[in-house]
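**Q** Just data_4.pdb, nothing more (PDB, C-alpha atoms):
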MODEL        1
ATOM      1  CA  MET A   1     -80.662-211.247 171.992
ATOM      2  CA  LYS A   2     -77.462-212.667 170.463
ATOM      3  CA  MET A   3     -78.741-216.251 170.750
ATOM      4  CA  LYS A   4     -82.025-215.241 169.113
ATOM      5  CA  ILE A   5     -80.264-213.724 166.083
ATOM      6  CA  GLU A   6     -77.950-216.733 165.733
ATOM      7  CA  GLY A   7     -80.944-219.039 165.969
ATOM      8  CA  LEU A   8     -82.786-217.147 163.245
ATOM      9  CA  PHE A   9     -79.708-217.256 161.025
ATOM     10  CA  GLU A  10     -79.287-220.994 161.529
ATOM     11  CA  GLU A  11     -82.984-221.563 160.797
ATOM     12  CA  SER A  12     -82.837-219.533 157.592
ATOM     13  CA  ILE A  13     -79.766-221.455 156.392
ATOM     14  CA  LYS A  14     -81.402-224.748 157.258
ATOM     15  CA  LYS A  15     -84.537-223.766 155.314
ATOM     16  CA  ALA A  16     -82.466-222.642 152.314
ATOM     17  CA  VAL A  17     -80.574-225.943 152.205
ATOM     18  CA  GLU A  18     -83.751-227.969 152.602
ATOM     19  CA  ASN A  19     -85.397-225.998 149.779
ATOM     20  CA  MET A  20     -82.593-226.740 147.302
ATOM     21  CA  ASP A  21     -83.521-229.339 144.789
ATOM     22  CA  GLU A  22     -81.104-231.397 142.776
ATOM     23  CA  SER A  23     -81.388-229.167 139.687
ATOM     24  CA  SER A  24     -80.441-226.080 141.764
ATOM     25  CA  ILE A  25     -77.341-227.830 143.057
ATOM     26  CA  LYS A  26     -76.413-228.964 139.524
ATOM     27  CA  ASN A  27     -76.943-225.403 138.257
ATOM     28  CA  LEU A  28     -74.704-224.041 141.034
ATOM     29  CA  SER A  29     -72.102-226.672 140.215
ATOM     30  CA  ARG A  30     -72.161-225.651 136.526
ATOM     31  CA  LEU A  31     -71.746-221.969 137.462
ATOM     32  CA  VAL A  32     -68.783-222.769 139.724
ATOM     33  CA  ASN A  33     -67.259-224.878 136.951
ATOM     34  CA  ASP A  34     -67.782-222.004 134.460
ATOM     35  CA  LEU A  35     -66.009-219.654 136.867
ATOM     36  CA  LEU A  36     -63.062-222.050 137.175
ATOM     37  CA  VAL A  37     -62.818-222.346 133.374
ATOM     38  CA  VAL A  38     -62.879-218.542 132.939
ATOM     39  CA  GLU A  39     -60.249-218.086 135.667
ATOM     40  CA  GLY A  40     -58.071-220.685 133.922
ATOM     41  CA  GLU A  41     -58.480-218.889 130.595
ATOM     42  CA  ILE A  42     -57.521-215.590 132.248
ATOM     43  CA  GLY A  43     -54.382-217.183 133.681
ATOM     44  CA  ASN A  44     -53.462-218.689 130.302
ATOM     45  CA  THR A  45     -54.131-215.373 128.529
ATOM     46  CA  GLU A  46     -52.005-213.443 131.027
ATOM     47  CA  GLU A  47     -49.152-215.935 130.561
ATOM     48  CA  ARG A  48     -49.484-215.699 126.757
ATOM     49  CA  LEU A  49     -49.438-211.879 126.994
ATOM     50  CA  ARG A  50     -46.308-211.997 129.173
ATOM     51  CA  LYS A  51     -44.587-214.223 126.597
ATOM     52  CA  LEU A  52     -45.648-211.933 123.745
ATOM     53  CA  LYS A  53     -44.282-208.893 125.605
ATOM     54  CA  ASP A  54     -40.979-210.717 126.183
ATOM     55  CA  GLN A  55     -40.855-211.575 122.470
ATOM     56  CA  GLN A  56     -41.670-207.954 121.527
ATOM     57  CA  LYS A  57     -38.899-206.690 123.809
ATOM     58  CA  GLN A  58     -36.361-209.126 122.339
ATOM     59  CA  LEU A  59     -37.247-208.123 118.773
ATOM     60  CA  SER A  60     -37.486-204.387 119.491
ATOM     61  CA  GLU A  61     -34.475-204.002 121.781
ATOM     62  CA  GLN A  62     -32.093-206.663 120.473
ATOM     63  CA  ALA A  63     -32.761-208.422 117.174
ATOM     64  CA  ILE A  64     -33.778-205.449 115.007
ATOM     65  CA  PRO A  65     -31.253-202.919 116.429
ATOM     66  CA  ASP A  66     -28.500-205.555 116.056
ATOM     67  CA  LYS A  67     -29.533-206.250 112.444
ATOM     68  CA  LEU A  68     -29.625-202.516 111.607
ATOM     69  CA  ALA A  69     -26.131-202.141 113.119
ATOM     70  CA  GLU A  70     -24.904-205.199 111.209
ATOM     71  CA  LEU A  71     -26.216-203.638 107.982
ATOM     72  CA  GLY A  72     -24.544-200.341 108.922
ATOM     73  CA  VAL A  73     -27.719-198.273 108.702
ATOM     74  CA  ALA A  74     -29.379-196.020 111.259
ATOM     75  CA  ASP A  75     -32.820-196.349 109.731
ATOM     76  CA  LEU A  76     -34.596-197.986 106.839
ATOM     77  CA  ARG A  77     -37.515-196.795 104.733
ATOM     78  CA  LEU A  78     -39.890-199.538 103.586
ATOM     79  CA  SER A  79     -41.867-199.640 100.354
ATOM     80  CA  ASP A  80     -45.090-198.776 102.219
ATOM     81  CA  GLY A  81     -43.497-195.529 103.466
ATOM     82  CA  SER A  82     -42.804-196.786 106.980
ATOM     83  CA  ARG A  83     -39.475-195.888 108.545
ATOM     84  CA  ILE A  84     -37.711-198.300 110.908
ATOM     85  CA  SER A  85     -35.027-197.049 113.252
ATOM     86  CA  ALA A  86     -33.400-198.123 116.496
ATOM     87  CA  ASP A  87     -33.452-195.104 118.766
ATOM     88  CA  PRO A  88     -31.597-195.000 122.079
ATOM     89  CA  PHE A  89     -33.661-195.212 125.231
ATOM     90  CA  TYR A  90     -32.851-194.866 128.900
ATOM     91  CA  SER A  91     -34.372-196.374 131.985
ATOM     92  CA  ALA A  92     -33.435-195.814 135.611
ATOM     93  CA  ARG A  93     -34.872-196.140 139.082
ATOM     94  CA  ILE A  94     -33.607-195.552 142.557
ATOM     95  CA  THR A  95     -34.084-198.617 144.725
ATOM     96  CA  ALA A  96     -34.702-198.299 148.457
ATOM     97  CA  LYS A  97     -31.250-199.825 148.996
ATOM     98  CA  ASN A  98     -29.541-197.116 146.909
ATOM     99  CA  LEU A  99     -31.743-194.165 147.904
ATOM    100  CA  GLY A 100     -29.174-192.525 150.194
ATOM    101  CA  LEU A 101     -26.232-193.122 147.855
ATOM    102  CA  ALA A 102     -28.110-191.855 144.798
ATOM    103  CA  HIS A 103     -29.468-188.737 146.527
ATOM    104  CA  ASP A 104     -26.039-187.986 148.033
ATOM    105  CA  TRP A 105     -24.435-188.308 144.593
ATOM    106  CA  LEU A 106     -27.022-185.966 143.061
ATOM    107  CA  ARG A 107     -26.460-183.356 145.785
ATOM    108  CA  ASP A 108     -22.652-183.706 145.739
ATOM    109  CA  ASN A 109     -22.577-183.242 141.956
ATOM    110  CA  GLY A 110     -24.868-180.218 141.772
ATOM    111  CA  HIS A 111     -28.060-182.027 140.737
ATOM    112  CA  GLY A 112     -29.917-181.969 144.066
ATOM    113  CA  ASP A 113     -32.578-179.750 142.522
ATOM    114  CA  ILE A 114     -34.208-182.758 140.838
ATOM    115  CA  ILE A 115     -34.956-184.284 144.259
ATOM    116  CA  LYS A 116     -38.440-183.354 145.401
ATOM    117  CA  ASN A 117     -39.280-183.178 149.095
ATOM    118  CA  THR A 118     -42.816-183.939 150.217
ATOM    119  CA  LEU A 119     -44.116-182.973 153.640
ATOM    120  CA  THR A 120     -47.325-184.652 154.790
ATOM    121  CA  VAL A 121     -49.146-183.984 158.039
ATOM    122  CA  SER A 122     -52.381-185.673 159.087
ATOM    123  CA  PHE A 123     -54.933-183.775 161.168
ATOM    124  CA  SER A 124     -58.018-185.062 162.881
ATOM    125  CA  GLN A 125     -61.456-183.633 162.276
ATOM    126  CA  GLY A 126     -61.821-180.108 163.640
ATOM    127  CA  GLU A 127     -58.115-179.246 163.410
ATOM    128  CA  ASP A 128     -58.384-177.148 160.263
ATOM    129  CA  ALA A 129     -56.960-174.052 161.956
ATOM    130  CA  ASP A 130     -53.880-175.986 163.092
ATOM    131  CA  ALA A 131     -53.296-177.219 159.534
ATOM    132  CA  THR A 132     -52.590-173.674 158.373
ATOM    133  CA  ARG A 133     -49.607-173.207 160.722
ATOM    134  CA  LEU A 134     -46.055-173.436 159.475
ATOM    135  CA  ALA A 135     -44.185-176.798 159.515
ATOM    136  CA  GLU A 136     -41.841-175.806 162.363
ATOM    137  CA  LEU A 137     -44.812-175.007 164.615
ATOM    138  CA  LEU A 138     -46.156-178.527 164.095
ATOM    139  CA  THR A 139     -43.274-180.079 166.001
ATOM    140  CA  LYS A 140     -43.784-177.674 168.930
ATOM    141  CA  GLU A 141     -47.472-178.607 168.972
ATOM    142  CA  GLY A 142     -46.692-182.351 169.165
ATOM    143  CA  TYR A 143     -47.498-183.308 165.592
ATOM    144  CA  LEU A 144     -45.044-185.559 163.779
ATOM    145  CA  PRO A 145     -44.873-184.614 160.104
ATOM    146  CA  GLN A 146     -43.859-187.317 157.651
ATOM    147  CA  THR A 147     -41.284-186.324 155.068
ATOM    148  CA  LYS A 148     -40.436-188.012 151.813
ATOM    149  CA  GLU A 149     -37.719-187.350 149.279
ATOM    150  CA  ALA A 150     -38.026-188.649 145.751
ATOM    151  CA  VAL A 151     -36.996-188.046 142.174
ATOM    152  CA  HIS A 152     -39.913-188.373 139.766
ATOM    153  CA  PRO A 153     -39.314-191.284 137.343
ATOM    154  CA  SER A 154     -39.609-189.150 134.188
ATOM    155  CA  THR A 155     -37.271-186.524 135.677
ATOM    156  CA  LEU A 156     -34.761-189.261 136.521
ATOM    157  CA  ARG A 157     -35.008-190.759 133.025
ATOM    158  CA  ALA A 158     -34.424-187.330 131.411
ATOM    159  CA  PHE A 159     -31.529-186.644 133.789
ATOM    160  CA  VAL A 160     -29.872-189.993 133.022
ATOM    161  CA  LYS A 161     -30.285-189.407 129.281
ATOM    162  CA  GLU A 162     -28.690-185.966 129.596
ATOM    163  CA  MET A 163     -25.781-187.267 131.693
ATOM    164  CA  ILE A 164     -25.017-190.159 129.325
ATOM    165  CA  GLU A 165     -25.435-188.230 126.097
ATOM    166  CA  SER A 166     -23.292-185.340 127.371
ATOM    167  CA  GLY A 167     -20.495-187.801 128.215
ATOM    168  CA  ASN A 168     -20.257-186.523 131.807
ATOM    169  CA  SER A 169     -17.324-188.472 133.269
ATOM    170  CA  SER A 170     -18.644-188.242 136.841
ATOM    171  CA  PHE A 171     -21.650-190.345 135.777
ATOM    172  CA  ASP A 172     -19.544-193.476 135.328
ATOM    173  CA  VAL A 173     -20.610-197.136 135.469
ATOM    174  CA  ASP A 174     -20.344-197.294 139.291
ATOM    175  CA  THR A 175     -22.504-194.190 139.621
ATOM    176  CA  GLN A 176     -25.017-195.579 137.123
ATOM    177  CA  LYS A 177     -25.427-198.666 139.348
ATOM    178  CA  LYS A 178     -26.760-196.384 142.104
ATOM    179  CA  PHE A 179     -29.556-195.471 139.718
ATOM    180  CA  SER A 180     -30.141-198.962 138.252
ATOM    181  CA  VAL A 181     -29.495-197.492 134.800
ATOM    182  CA  TYR A 182     -30.523-199.602 131.834
ATOM    183  CA  THR A 183     -29.771-198.360 128.340
ATOM    184  CA  GLY A 184     -30.376-199.816 124.955
ATOM    185  CA  LYS A 185     -31.924-199.213 121.587
ATOM    186  CA  ARG A 186     -35.591-199.718 120.900
ATOM    187  CA  THR A 187     -37.053-200.231 117.471
ATOM    188  CA  LYS A 188     -39.358-197.484 116.281
ATOM    189  CA  ILE A 189     -41.665-197.904 113.315
ATOM    190  CA  ASN A 190     -43.146-194.702 111.928
ATOM    191  CA  ARG A 191     -46.112-195.227 109.663
TER     192      ARG A 191
ENDMDL
END
Just give me the structure of the file as structure tokens.
**A**
Amino acid sequence: MKMKIEGLFEESIKKAVENMDESSIKNLSRLVNDLLVVEGEIGNTEERLRKLKDQQKQLSEQAIPDKLAELGVADLRLSDGSRISADPFYSARITAKNLGLAHDWLRDNGHGDIIKNTLTVSFSQGEDADATRLAELLTKEGYLPQTKEAVHPSTLRAFVKEMIESGNSSFDVDTQKKFSVYTGKRTKINR
């Protein structure tokens, strides 16, 4: 049976190739060329967008806040009613490398409540009744639950902002490295 199916497939391919005329091949070639041109344009557009985002970041987070500071003003109102200011922002993330250190620091300094624990257990079809049992019974039954600890990114960002703005001395530069803290000022234009 296998040889019969392969034979039919080979025959159908052979017929399709034999039935292609030169204009069909040229049309296919044009379509492939069009695809390559579009893919090239997408690549160029993505690169241009990346460069524009880098330029936006440099203007918003460096050039304009620096100029406002140089002028000694916190914000500026323009003739069209817009207001320009450079507001502080905070960014942080816990890398896999620093996960243990960061979580230990949070727990040791009374902030362990921002760590969320997730317990996930997979059951096969027909095991709905088992899924309702408590987590400690799962181990006795031979299931291996997967656990995950994490701090939600927006919770971490708010926490870092609070720690820095409150001047908490325990959240020093070395501690901030555990959280990959990045701070700066970002230009805000209110229209």
**Q** To one decimal in Å, tell me the separation between CA of Leu31 in chain A and CA of Asn44 in chain A.
**A** 19.9 Å
**Q** For a test of reading the model, state the distance in Å between CA of Lys178 in chain A and CA of Ser154 in chain A, rounded to one decimal.
**A**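 If I compute the distance from CA of Lys178 in chain A to CA of Ser154 in chain A, I get 16.7 Å.
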**Q** Show which residues sit within 7 Å of range 112-121 of chain A, as a ChimeraX atom specification. Count all atoms listed in the file, and ignore same-chain residues fewer than 3 positions away.
**A** /A:106-107,145-151
**Q** With a distance cut-off of 8 Å and all atoms listed in the file, select the neighbouring residues of range 56-64 of chain A, excluding the residue or stretch itself and same-chain residues fewer than 5 positions from it, and output the selection as a list in words.
**A**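 Returned residues: Ala86, Gly184, Lys185, Arg186, Thr187 and Lys188 of chain A.
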**Q** Using the selection just defined, write its residues with C-alpha atoms as a tab-separated table (two decimals), in the coordinates of the input.
**A**
chain	number	residue	atom	x	y	z
A	86	ALA	CA	-33.40	-198.12	116.50
A	184	GLY	CA	-30.38	-199.82	124.96
A	185	LYS	CA	-31.92	-199.21	121.59
A	186	ARG	CA	-35.59	-199.72	120.90
A	187	THR	CA	-37.05	-200.23	117.47
A	188	LYS	CA	-39.36	-197.48	116.28
**Q** Considering all atoms listed in the file, can you say which of A:Ile189, A:Gly81, A:Arg93, A:His111 comes closest to Glu162 in chain A?
**A**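 Smallest separation from Glu162 in chain A among the options: A:His111.
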**Q** What does the distance between CA of Ser91 in chain A and CA of Leu52 in chain A come to in Å, to one decimal place?
**A** 20.9 Å
**Q** Which residues, written as a list in words, have at least one atom at most 8 Å from Leu76 in chain A, with all atoms listed in the file counted and residues fewer than 4 positions away on the same chain left out?
**A**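 Near Leu76 in chain A, the qualifying residues are Arg83, Ile84 and Ser85 of chain A.
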**Q** Determine the residue membership of the PyMOL selection byres ((chain A and resi 96) around 12) for the file above and supply it as a ChimeraX atom specification.
**A** /A:93-95,97-103,149-150,178-180
**Q** Between A:Lys67, A:Lys177, A:Arg191, A:Lys161, which residue has the minimum interatomic distance to Tyr90 in chain A, considering all atoms listed in the file?
**A**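 Closest residue, counting all atoms listed in the file: A:Lys161.
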**Q** Have range 162-191 of chain A completed to N, CA and C atoms, please, and pass it along as an mmCIF file, in the coordinates of the input.
**A**
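What ended up in result-v6.cif:
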data_model
loop_
_atom_site.group_PDB
_atom_site.id
_atom_site.type_symbol
_atom_site.label_atom_id
_atom_site.label_comp_id
_atom_site.auth_asym_id
_atom_site.auth_seq_id
_atom_site.Cartn_x
_atom_site.Cartn_y
_atom_site.Cartn_z
ATOM 1 N N GLU A 162 -29.558 -187.145 129.736
ATOM 2 C CA GLU A 162 -28.690 -185.966 129.596
ATOM 3 C C GLU A 162 -27.263 -186.274 130.038
ATOM 4 N N MET A 163 -27.112 -186.957 131.172
ATOM 5 C CA MET A 163 -25.781 -187.267 131.693
ATOM 6 C C MET A 163 -25.013 -188.193 130.742
ATOM 7 N N ILE A 164 -25.682 -189.200 130.216
ATOM 8 C CA ILE A 164 -25.017 -190.159 129.325
ATOM 9 C C ILE A 164 -24.690 -189.509 127.983
ATOM 10 N N GLU A 165 -25.658 -188.817 127.415
ATOM 11 C CA GLU A 165 -25.435 -188.230 126.097
ATOM 12 C C GLU A 165 -24.414 -187.096 126.126
ATOM 13 N N SER A 166 -24.283 -186.420 127.281
ATOM 14 C CA SER A 166 -23.292 -185.340 127.371
ATOM 15 C C SER A 166 -21.890 -185.891 127.624
ATOM 16 N N GLY A 167 -21.793 -187.183 127.952
ATOM 17 C CA GLY A 167 -20.495 -187.801 128.215
ATOM 18 C C GLY A 167 -19.897 -187.387 129.540
ATOM 19 N N ASN A 168 -20.725 -186.967 130.499
ATOM 20 C CA ASN A 168 -20.257 -186.523 131.807
ATOM 21 C C ASN A 168 -19.477 -187.646 132.480
ATOM 22 N N SER A 169 -18.202 -187.426 132.728
ATOM 23 C CA SER A 169 -17.324 -188.472 133.269
ATOM 24 C C SER A 169 -17.657 -188.826 134.717
ATOM 25 N N SER A 170 -18.309 -187.923 135.451
ATOM 26 C CA SER A 170 -18.644 -188.242 136.841
ATOM 27 C C SER A 170 -19.796 -189.242 136.923
ATOM 28 N N PHE A 171 -20.528 -189.410 135.809
ATOM 29 C CA PHE A 171 -21.650 -190.345 135.777
ATOM 30 C C PHE A 171 -21.175 -191.659 135.166
ATOM 31 N N ASP A 172 -20.174 -192.260 135.836
ATOM 32 C CA ASP A 172 -19.544 -193.476 135.328
ATOM 33 C C ASP A 172 -20.391 -194.709 135.652
ATOM 34 N N VAL A 173 -19.881 -195.877 135.298
ATOM 35 C CA VAL A 173 -20.610 -197.136 135.469
ATOM 36 C C VAL A 173 -20.975 -197.371 136.937
ATOM 37 N N ASP A 174 -20.051 -197.101 137.870
ATOM 38 C CA ASP A 174 -20.344 -197.294 139.291
ATOM 39 C C ASP A 174 -21.469 -196.369 139.746
ATOM 40 N N THR A 175 -21.442 -195.137 139.279
ATOM 41 C CA THR A 175 -22.504 -194.190 139.621
ATOM 42 C C THR A 175 -23.819 -194.645 139.021
ATOM 43 N N GLN A 176 -23.785 -195.132 137.780
ATOM 44 C CA GLN A 176 -25.017 -195.579 137.123
ATOM 45 C C GLN A 176 -25.663 -196.736 137.877
ATOM 46 N N LYS A 177 -24.873 -197.562 138.558
ATOM 47 C CA LYS A 177 -25.427 -198.666 139.348
ATOM 48 C C LYS A 177 -26.300 -198.142 140.482
ATOM 49 N N LYS A 178 -25.954 -196.981 141.032
ATOM 50 C CA LYS A 178 -26.760 -196.384 142.104
ATOM 51 C C LYS A 178 -28.161 -196.050 141.616
ATOM 52 N N PHE A 179 -28.280 -195.855 140.312
ATOM 53 C CA PHE A 179 -29.556 -195.471 139.718
ATOM 54 C C PHE A 179 -30.194 -196.598 138.917
ATOM 55 N N SER A 180 -29.640 -197.800 139.010
ATOM 56 C CA SER A 180 -30.141 -198.962 138.252
ATOM 57 C C SER A 180 -30.359 -198.595 136.792
ATOM 58 N N VAL A 181 -29.374 -197.955 136.184
ATOM 59 C CA VAL A 181 -29.495 -197.492 134.800
ATOM 60 C C VAL A 181 -29.513 -198.677 133.850
ATOM 61 N N TYR A 182 -30.416 -198.611 132.898
ATOM 62 C CA TYR A 182 -30.523 -199.602 131.834
ATOM 63 C C TYR A 182 -30.639 -198.810 130.535
ATOM 64 N N THR A 183 -29.730 -199.051 129.627
ATOM 65 C CA THR A 183 -29.771 -198.360 128.340
ATOM 66 C C THR A 183 -29.841 -199.380 127.227
ATOM 67 N N GLY A 184 -30.301 -198.943 126.106
ATOM 68 C CA GLY A 184 -30.376 -199.816 124.955
ATOM 69 C C GLY A 184 -30.939 -199.058 123.783
ATOM 70 N N LYS A 185 -31.261 -199.794 122.751
ATOM 71 C CA LYS A 185 -31.924 -199.213 121.587
ATOM 72 C C LYS A 185 -33.253 -199.927 121.436
ATOM 73 N N ARG A 186 -34.249 -199.163 121.062
ATOM 74 C CA ARG A 186 -35.591 -199.718 120.900
ATOM 75 C C ARG A 186 -36.054 -199.401 119.481
ATOM 76 N N THR A 187 -36.577 -200.400 118.832
ATOM 77 C CA THR A 187 -37.053 -200.231 117.471
ATOM 78 C C THR A 187 -38.256 -199.305 117.445
ATOM 79 N N LYS A 188 -38.240 -198.414 116.455
ATOM 80 C CA LYS A 188 -39.358 -197.484 116.281
ATOM 81 C C LYS A 188 -39.815 -197.603 114.840
ATOM 82 N N ILE A 189 -41.107 -197.810 114.661
ATOM 83 C CA ILE A 189 -41.665 -197.904 113.315
ATOM 84 C C ILE A 189 -42.631 -196.746 113.133
ATOM 85 N N ASN A 190 -42.282 -195.840 112.229
ATOM 86 C CA ASN A 190 -43.146 -194.702 111.928
ATOM 87 C C ASN A 190 -43.954 -195.020 110.679
ATOM 88 N N ARG A 191 -45.242 -194.926 110.804
ATOM 89 C CA ARG A 191 -46.112 -195.227 109.663
ATOM 90 C C ARG A 191 -46.702 -193.960 109.115
#
